[in-house]
Every structure is written in C-alpha cells, then in structure tokens.
$ cat final.txt   # compact mmCIF, C-alpha atoms
# COMPACT_ATOMS: atom_id res chain seq x y z
CA MET U 19 -37.44 53.47 7.89
CA ASN U 20 -34.14 51.78 7.08
CA THR U 21 -33.43 51.68 3.39
CA LEU U 22 -30.75 49.77 1.56
CA ALA U 23 -27.51 51.70 1.30
CA LEU U 24 -26.70 52.05 -2.39
CA GLY U 25 -23.01 52.89 -2.27
CA PRO U 26 -21.44 55.14 0.41
CA GLN U 27 -23.65 56.11 3.33
CA TRP U 28 -23.38 59.79 2.45
CA LEU U 29 -25.05 59.01 -0.90
CA ASN U 30 -27.91 57.08 0.69
CA SER U 31 -31.19 59.01 0.40
CA ASP U 32 -32.53 57.94 3.80
CA TYR U 33 -29.30 58.95 5.53
CA LEU U 34 -29.14 62.32 3.75
CA ILE U 35 -32.73 63.25 4.57
CA THR U 36 -32.50 62.07 8.19
CA THR U 37 -29.22 63.93 8.73
CA PHE U 38 -29.76 67.17 6.82
CA GLY U 39 -33.55 67.40 6.55
CA LEU U 40 -35.43 69.31 3.86
CA ILE U 41 -32.69 71.94 3.57
CA GLY U 42 -30.24 69.21 2.60
CA VAL U 43 -32.65 67.90 -0.03
CA LEU U 44 -33.00 71.35 -1.59
CA LEU U 45 -29.23 71.92 -1.67
CA ILE U 46 -28.65 68.54 -3.32
CA VAL U 47 -31.38 69.17 -5.91
CA PHE U 48 -29.84 72.58 -6.65
CA ALA U 49 -26.33 71.14 -6.99
CA GLU U 50 -27.35 68.19 -9.15
CA SER U 51 -29.37 70.42 -11.46
CA GLY U 52 -26.51 72.56 -12.70
CA LEU U 53 -23.28 72.49 -10.70
CA LEU U 54 -20.40 70.44 -12.09
CA ILE U 55 -19.76 68.84 -8.69
CA GLY U 56 -23.36 67.62 -8.40
CA PHE U 57 -23.50 64.98 -11.13
CA PHE U 58 -22.94 62.04 -8.74
CA LEU U 59 -25.68 62.98 -6.26
CA PRO U 60 -28.79 60.74 -5.86
CA GLY U 61 -31.52 62.93 -7.38
CA ASP U 62 -34.29 60.48 -8.34
CA SER U 63 -34.15 58.23 -5.28
CA LEU U 64 -33.76 61.30 -3.04
CA LEU U 65 -36.97 62.93 -4.33
CA PHE U 66 -38.89 59.66 -4.17
CA THR U 67 -37.78 59.11 -0.57
CA THR U 68 -38.63 62.72 0.26
CA GLY U 69 -42.21 62.25 -0.89
CA LEU U 70 -42.40 58.98 1.03
CA MET U 71 -41.15 60.64 4.22
CA VAL U 72 -43.70 63.44 3.92
CA THR U 73 -46.55 60.91 3.99
CA THR U 74 -45.02 59.15 7.01
CA ASN U 75 -44.58 62.51 8.82
CA LYS U 76 -40.80 62.14 8.99
CA ILE U 77 -40.64 65.45 7.13
CA ASP U 78 -42.93 67.78 9.03
CA LYS U 79 -43.93 70.00 6.13
CA PRO U 80 -47.01 70.07 3.84
CA LEU U 81 -46.56 68.11 0.63
CA TRP U 82 -47.46 71.10 -1.55
CA LEU U 83 -44.78 73.23 0.12
CA VAL U 84 -42.15 70.53 -0.29
CA CYS U 85 -42.99 70.23 -3.99
CA VAL U 86 -42.84 73.99 -4.52
CA LEU U 87 -39.46 74.24 -2.79
CA VAL U 88 -38.04 71.26 -4.71
CA VAL U 89 -39.17 72.73 -8.05
CA LEU U 90 -37.70 76.10 -7.12
CA ALA U 91 -34.35 74.48 -6.21
CA ALA U 92 -34.33 72.52 -9.49
CA VAL U 93 -35.13 75.60 -11.60
CA LEU U 94 -32.53 77.76 -9.83
CA GLY U 95 -29.96 74.96 -10.22
CA ASP U 96 -30.45 74.88 -13.98
CA GLN U 97 -30.33 78.67 -14.01
CA ALA U 98 -26.94 78.59 -12.29
CA GLY U 99 -25.71 75.99 -14.78
CA TYR U 100 -26.88 78.07 -17.75
CA LEU U 101 -25.15 81.23 -16.50
CA PHE U 102 -21.99 79.24 -15.79
CA GLY U 103 -22.05 77.86 -19.33
CA ARG U 104 -22.45 81.32 -20.85
CA LYS U 105 -19.51 82.60 -18.81
CA VAL U 106 -17.18 79.67 -19.40
CA GLY U 107 -18.11 79.14 -23.05
CA PRO U 108 -16.18 76.77 -25.34
CA SER U 109 -13.31 76.52 -22.84
CA LEU U 110 -15.41 73.92 -21.03
CA PHE U 111 -14.66 71.48 -23.87
CA THR U 112 -10.90 71.86 -23.36
CA ARG U 113 -10.92 71.59 -19.59
CA PRO U 114 -8.67 68.71 -18.43
CA ASP U 115 -10.13 65.70 -16.63
CA SER U 116 -10.00 65.55 -12.84
CA ARG U 117 -11.43 63.35 -10.12
CA LEU U 118 -14.78 65.15 -10.24
CA PHE U 119 -14.77 66.24 -13.88
CA LYS U 120 -14.74 64.02 -16.96
CA GLN U 121 -14.70 65.45 -20.47
CA GLU U 122 -16.84 62.54 -21.69
CA ASN U 123 -19.74 63.78 -19.53
CA VAL U 124 -19.64 67.14 -21.30
CA GLU U 125 -19.55 65.43 -24.70
CA LYS U 126 -22.52 63.19 -23.82
CA ALA U 127 -24.57 66.18 -22.66
CA HIS U 128 -23.60 68.15 -25.78
CA ALA U 129 -24.67 65.27 -28.05
CA PHE U 130 -27.93 64.98 -26.09
CA PHE U 131 -28.58 68.71 -26.46
CA GLU U 132 -27.76 68.69 -30.18
CA LYS U 133 -30.08 65.72 -30.76
CA HIS U 134 -33.12 66.94 -28.83
CA GLY U 135 -32.73 70.73 -28.94
CA PRO U 136 -34.49 72.87 -26.28
CA LYS U 137 -36.69 69.97 -25.16
CA SER U 138 -33.50 68.29 -23.90
CA LEU U 139 -33.88 70.50 -20.81
CA ILE U 140 -37.02 68.49 -20.04
CA LEU U 141 -35.81 65.04 -21.10
CA ALA U 142 -32.43 65.40 -19.40
CA ARG U 143 -34.11 65.88 -16.03
CA PHE U 144 -34.77 62.15 -15.99
CA VAL U 145 -31.25 61.10 -17.04
CA PRO U 146 -28.57 61.10 -14.30
CA ILE U 147 -25.33 62.99 -15.08
CA VAL U 148 -26.83 64.36 -18.30
CA ARG U 149 -29.27 66.50 -16.30
CA THR U 150 -26.33 68.20 -14.57
CA PHE U 151 -24.45 69.12 -17.74
CA THR U 152 -27.32 69.92 -20.12
CA PRO U 153 -28.14 73.42 -18.75
CA ILE U 154 -24.42 74.20 -18.84
CA ILE U 155 -24.26 73.14 -22.50
CA ALA U 156 -27.36 75.29 -23.17
CA GLY U 157 -25.42 78.27 -21.80
CA VAL U 158 -22.32 77.43 -23.83
CA SER U 159 -24.50 77.19 -26.96
CA ARG U 160 -26.02 80.61 -26.18
CA MET U 161 -29.55 79.21 -26.20
CA GLN U 162 -32.14 82.02 -26.28
CA TYR U 163 -32.75 82.90 -22.63
CA ARG U 164 -36.52 83.15 -22.94
CA SER U 165 -36.74 79.64 -24.39
CA PHE U 166 -34.38 78.36 -21.72
CA ILE U 167 -36.57 79.72 -18.93
CA VAL U 168 -39.71 78.11 -20.36
CA PHE U 169 -38.19 74.64 -20.80
CA ASN U 170 -36.32 74.94 -17.50
CA VAL U 171 -39.53 75.58 -15.55
CA ILE U 172 -41.42 72.81 -17.35
CA GLY U 173 -38.62 70.28 -16.80
CA GLY U 174 -38.03 71.30 -13.20
CA THR U 175 -41.73 70.97 -12.40
CA MET U 176 -42.19 67.61 -14.12
CA TRP U 177 -39.12 66.11 -12.46
CA GLY U 178 -39.07 67.84 -9.06
CA ALA U 179 -42.77 67.73 -8.27
CA GLY U 180 -43.47 64.58 -10.31
CA VAL U 181 -40.99 62.25 -8.61
CA THR U 182 -41.77 63.69 -5.18
CA LEU U 183 -45.52 63.20 -5.69
CA LEU U 184 -44.88 59.67 -6.94
CA GLY U 185 -43.07 58.86 -3.72
CA ALA U 186 -45.88 60.42 -1.68
CA ALA U 187 -48.57 58.52 -3.59
CA LEU U 188 -46.84 55.17 -3.26
CA GLY U 189 -46.04 55.96 0.36
CA ASN U 190 -49.66 55.20 1.21
CA VAL U 191 -49.38 51.72 -0.26
CA GLU U 192 -48.55 49.00 2.25
CA PHE U 193 -46.59 47.03 -0.34
CA VAL U 194 -44.21 49.96 -0.73
CA HIS U 195 -43.45 50.10 2.98
CA LYS U 196 -42.63 46.39 3.00
CA ASN U 197 -40.46 46.53 -0.11
CA ILE U 198 -38.91 50.00 0.04
CA GLU U 199 -35.35 48.72 -0.48
CA ALA U 200 -36.27 46.87 -3.68
CA ILE U 201 -38.22 49.90 -4.97
CA LEU U 202 -35.31 52.29 -4.41
CA VAL U 203 -32.96 49.87 -6.13
CA GLY U 204 -35.42 49.71 -9.03
CA ILE U 205 -35.55 53.51 -9.30
CA VAL U 206 -31.77 53.73 -9.41
CA LEU U 207 -31.57 50.99 -12.05
CA LEU U 208 -34.25 52.65 -14.20
CA SER U 209 -32.44 55.97 -14.02
CA VAL U 210 -29.19 54.29 -15.09
CA ILE U 211 -30.73 52.53 -18.13
CA PRO U 212 -30.58 55.60 -20.45
CA VAL U 213 -26.92 56.14 -19.55
CA ALA U 214 -26.16 52.46 -20.21
CA ILE U 215 -27.91 52.61 -23.59
CA GLU U 216 -25.89 55.66 -24.64
CA PHE U 217 -22.69 53.95 -23.48
CA LEU U 218 -23.45 50.84 -25.54
CA ARG U 219 -24.27 52.96 -28.59
CA ALA U 220 -21.01 54.88 -28.26
CA ARG U 221 -19.12 51.61 -27.86
CA ALA U 222 -20.75 50.15 -30.96
CA LYS U 223 -19.86 53.25 -32.99
CA ALA U 224 -16.26 53.04 -31.76
CA LYS U 225 -16.04 49.43 -32.97
CA LYS U 226 -17.47 50.30 -36.38
CA ALA U 227 -15.07 53.20 -36.93
CA PRO U 228 -11.88 51.09 -37.39
CA ALA U 229 -13.74 48.78 -39.77
CA ALA U 230 -14.67 51.74 -41.97
CA ALA U 231 -11.07 53.02 -42.11
CA PRO U 232 -8.82 51.99 -45.09
CA THR U 233 -6.66 48.92 -44.45
CA ASP U 234 -3.55 50.61 -45.83
CA PRO U 235 -3.40 54.38 -45.25
CA THR U 236 -0.41 54.69 -47.63
CA GLU U 237 -2.34 53.23 -50.56
CA PRO U 238 -3.73 55.93 -52.88
CA PRO U 239 -7.50 55.97 -53.26
CA ALA U 240 -8.88 53.99 -56.16
CA ARG U 241 -9.78 56.05 -59.22
CA ALA U 242 -13.41 56.13 -60.11
CA PRO U 243 -14.17 54.18 -63.30
CA GLN U 244 -14.83 56.30 -66.39
CA GLY U 245 -18.47 56.19 -67.29
CA ARG U 246 -19.86 55.66 -70.74
CA GLY U 247 -22.95 57.69 -70.22
CA ARG U 248 -24.12 60.84 -71.87
CA HIS U 249 -21.76 63.03 -69.78
CA ALA U 250 -18.63 60.85 -70.28
CA LYS U 251 -15.67 62.56 -71.89
CA ARG U 252 -15.28 61.51 -75.49
$ encode --input "final.txt" --output "structure tokens"
Amino acid sequence: MNTLALGPQWLNSDYLITTFGLIGVLLIVFAESGLLIGFFLPGDSLLFTTGLMVTTNKIDKPLWLVCVLVVLAAVLGDQAGYLFGRKVGPSLFTRPDSRLFKQENVEKAHAFFEKHGPKSLILARFVPIVRTFTPIIAGVSRMQYRSFIVFNVIGGTMWGAGVTLLGAALGNVEFVHKNIEAILVGIVLLSVIPVAIEFLRARAKAKKAPAAAPTDPTEPPARAPQGRGRHAKR
C-alpha cells in the first residue's frame, strides 16, 4: 500500500509503520502523548493506518492486542507528561523558544486546559499539538492525581483504540483501499481544523485589542459625570 507522503518521508505513516513496525507506532504514540519533542508527530493518521494495516495483515498481530498496546502507550505518554509538568512547574512558561519548542504552544494548551478543565485531557487527544502539551499543563497546575488518571485512561482509550478501530473497520471497505491517499489527507485536514480555528480566534482578539486601547495614552481619563440621583452629593 503506497500512501501519499504528507511532508517529509519520515513523517509519513506508511513509511514509519513499514520501517519500524508496531514498536515504532507505540514509541511515536508515547512521545506525542506527553513529550515536548513529540508534538509534530503524525498521531491520527498513524493510528488510522495502523488499524488499516492490521486488517490487510501487514501488521501480524491481533487487532485487540494492537489496541491494548496503543492505549497503554498513550496513557503512559500522558503520565510522563504530567510528571514532567509537576517537576518543571511554572518555569515552563518562561522557557525560551527553540527549534522544537514554542512558547505559544504552551499558552494554547494552558488556555485549552483552563477552558475545559479535567475533561480537556479527553478533548485534547483529538487536537494535534494541544494533546502533547495538555498533560504537561495538568502537571504544572497540580491537577489532583486521581482525577488525572481517570481522564487520562478515558482519553487514551477513546483516541488510541477509537482511531485504530476506525482504520480497521474502514480497511474492509473497498472504497477505502482505492482512495486511501485522499482519506489520509482528509484525516490530517480534520485534525488541523481545531488548531486553525483557535489561531483565527487569537488573531481576531489581537486585532480587537489595539482598537480598545485609548488613542492618546497621555490624555487623562475623562471624569465621570456627576449624577443627580438620590446618592448624588448635594
């Protein structure tokens, strides 16, 4: 099965699975789930292709075992991210940018976590980049460990097993085999949509901010008019 290369060959799901096998898939899932260096890895398309390859016998392992191992890798990845966040703490927000680290990614994940609370550990699983940083932010925020474990397992199962099973189910459909490149492109585009929406929202807020600022910062604020009501000074 030759799939369309979306970016560098070493980021192509088909190439990664063919070259490194199931072990490679598990390592990538672990890294993308909670290691800072894993945010750029192809999680969604990789799991979908993994399920597809199980049904075509290109991965010689039972589907149930593959799903269990993927979920385990996802849960342990978030666990590593949480522990890293607890250890690093607020210093993560002052870490300088580098080629593999951007402060804006931390800020996006923090805003996502603040907005959705503990359930962000489930929702973030389906949002590239955010899913890598969210467990780290949970650790920085000192989220109660028991709650973290519960939402981590639920999110890891829904994403890890869910996307893999989706690939396996559609792998039995002839249309999928004939249009696998278009389907993988579609999966990547769908996974990017939430990130694009957040980017557009942030951009809109940035444009509104200057408009709300005073035109002349040296001008003293206008005094409020004296009221004539019951509480006005006589």
$ residues_around --input "final.txt" --residues "Val86 of chain U" --least-positions-apart "6" --cutoff "9 Å" --atoms "all atoms listed in the file" --output "PDB file with C-alpha atoms, keeping the file's coordinate frame"
ATOM      1  CA  THR U 175     -41.730  70.970 -12.400  1.00  0.00           C
ATOM      2  CA  GLY U 178     -39.070  67.840  -9.060  1.00  0.00           C
ATOM      3  CA  ALA U 179     -42.770  67.730  -8.270  1.00  0.00           C
TER       4      ALA U 179
END
$ closest_residue --input "final.txt" --among "U:Leu59, U:Ala156, U:Val89, U:Leu83" --to "Leu101 of chain U" --atoms "all atoms listed in the file"
U:Ala156
$ residues_around --input "final.txt" --residues "Pro153 of chain U" --least-positions-apart "5" --cutoff "9 Å" --atoms "all atoms listed in the file" --output "list in words"
Ser51, Gly52, Gly95, Asp96, Gln97, Ala98, Gly99, Tyr100, Leu101, Phe102, Gly103, Ala127, Leu139, Val158, Phe166 and Asn170 of chain U
$ write_last_selection --input "final.txt" --atoms "C-alpha atoms" --output "mmCIF file, in the frame of the given file"
data_model
loop_
_atom_site.group_PDB
_atom_site.id
_atom_site.type_symbol
_atom_site.label_atom_id
_atom_site.label_comp_id
_atom_site.auth_asym_id
_atom_site.auth_seq_id
_atom_site.Cartn_x
_atom_site.Cartn_y
_atom_site.Cartn_z
ATOM 1 C CA SER U 51 -29.370 70.420 -11.460
ATOM 2 C CA GLY U 52 -26.510 72.560 -12.700
ATOM 3 C CA GLY U 95 -29.960 74.960 -10.220
ATOM 4 C CA ASP U 96 -30.450 74.880 -13.980
ATOM 5 C CA GLN U 97 -30.330 78.670 -14.010
ATOM 6 C CA ALA U 98 -26.940 78.590 -12.290
ATOM 7 C CA GLY U 99 -25.710 75.990 -14.780
ATOM 8 C CA TYR U 100 -26.880 78.070 -17.750
ATOM 9 C CA LEU U 101 -25.150 81.230 -16.500
ATOM 10 C CA PHE U 102 -21.990 79.240 -15.790
ATOM 11 C CA GLY U 103 -22.050 77.860 -19.330
ATOM 12 C CA ALA U 127 -24.570 66.180 -22.660
ATOM 13 C CA LEU U 139 -33.880 70.500 -20.810
ATOM 14 C CA VAL U 158 -22.320 77.430 -23.830
ATOM 15 C CA PHE U 166 -34.380 78.360 -21.720
ATOM 16 C CA ASN U 170 -36.320 74.940 -17.500
#
$ closest_residue --input "final.txt" --among "U:Pro136, U:Glu50, U:Ser63, U:Thr68" --to "Arg164 of chain U" --atoms "all atoms listed in the file"
U:Pro136
$ residues_around --input "final.txt" --residues "Leu64 of chain U" --least-positions-apart "4" --cutoff "9 Å" --atoms "all atoms listed in the file" --output "tab-separated table (two decimals) with C-alpha atoms, in the coordinates of the input"
chain	number	residue	atom	x	y	z
U	30	ASN	CA	-27.91	57.08	0.69
U	31	SER	CA	-31.19	59.01	0.40
U	32	ASP	CA	-32.53	57.94	3.80
U	34	LEU	CA	-29.14	62.32	3.75
U	35	ILE	CA	-32.73	63.25	4.57
U	43	VAL	CA	-32.65	67.90	-0.03
U	46	ILE	CA	-28.65	68.54	-3.32
U	47	VAL	CA	-31.38	69.17	-5.91
U	59	LEU	CA	-25.68	62.98	-6.26
U	60	PRO	CA	-28.79	60.74	-5.86
U	68	THR	CA	-38.63	62.72	0.26
U	69	GLY	CA	-42.21	62.25	-0.89
U	182	THR	CA	-41.77	63.69	-5.18
$ closest_residue --input "final.txt" --among "U:Thr152, U:Leu44, U:Val88, U:Val181" --to "Lys133 of chain U" --atoms "all atoms listed in the file"
U:Thr152
$ closest_residue --input "final.txt" --among "U:Val106, U:Ala91, U:Leu188, U:Ile154" --to "Ala49 of chain U" --atoms "all atoms listed in the file"
U:Ala91
$ atom_distance --input "final.txt" --atom1 "atom CA of Arg160 of chain U" --atom2 "atom CA of Leu87 of chain U"
27.7 Å
$ atom_distance --input "final.txt" --atom1 "atom CA of Leu141 of chain U" --atom2 "atom CA of Glu125 of chain U"
16.7 Å
$ closest_residue --input "final.txt" --among "U:Ile172, U:Ala187, U:Leu94, U:Met71" --to "Leu40 of chain U" --atoms "only C-alpha atoms"
U:Met71
$ atom_distance --input "final.txt" --atom1 "atom CA of Gly61 of chain U" --atom2 "atom CA of Ala92 of chain U"
10.2 Å
$ closest_residue --input "final.txt" --among "U:Ile77, U:Phe58, U:Trp177, U:Leu70" --to "Ile41 of chain U" --atoms "only C-alpha atoms"
U:Ile77
